[in-house]
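Since the structure comes first, as structure tokens, the remarks are kept for the end.
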Amino acid sequence: FKGPLIAAGGFGRESAAAAIEKGQVDAVAFGRDFISNPDLPLRLMLGAKLNPYDRSTFYGGGAAGYTDYPALERSEVTV
């Protein structure tokens, strides 16, 4: 396969960066963490703590779990 390779599943900030740096993948996708962290790119960039996700709300047909996770507060930045 000669096209771009995108990996997903079980990656954190450091492991995603390492996989890309080692040339194992071209990009890493985040699913569950994106649902619970609407500002995930910023959190990853800053090394901020992630909101835990609530699997029981996934694909439940309502807004709970998709629109009510808190955004990053400046006081939470751990750079």
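Residue numbers start at 1 in each chain; chains themselves are named A, B, ... in the order of the structure tokens; ligands are numbered from 1 in the order shown.
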
- Mind checking which residues fall within 12 Å of Ala19 in chain A, counting only C-alpha atoms, ignoring those fewer than 5 positions away in the same chain, and posting them as an NGL selection string? :A and (5-8 or 11-14 or 24-29)

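Secondary structure of range 1-71 of chain A, strand (DSSP E) only (DSSP, backbone atoms): A:Ile6, A:Ala7, A:Ala8, A:Ala27, A:Val28, A:Ala29.
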
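Shortest separation to Leu72 in chain A among A:Ile35, A:Met45, A:Leu50, A:Ala18 occurs at residue A:Leu50, atoms counted being only C-alpha atoms.
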
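Distance annotation: of A:Pro70, A:Gly31, A:Pro38, A:Gly9, the residue with the minimal separation from Phe58 in chain A is A:Gly31; atom set is only C-alpha atoms.
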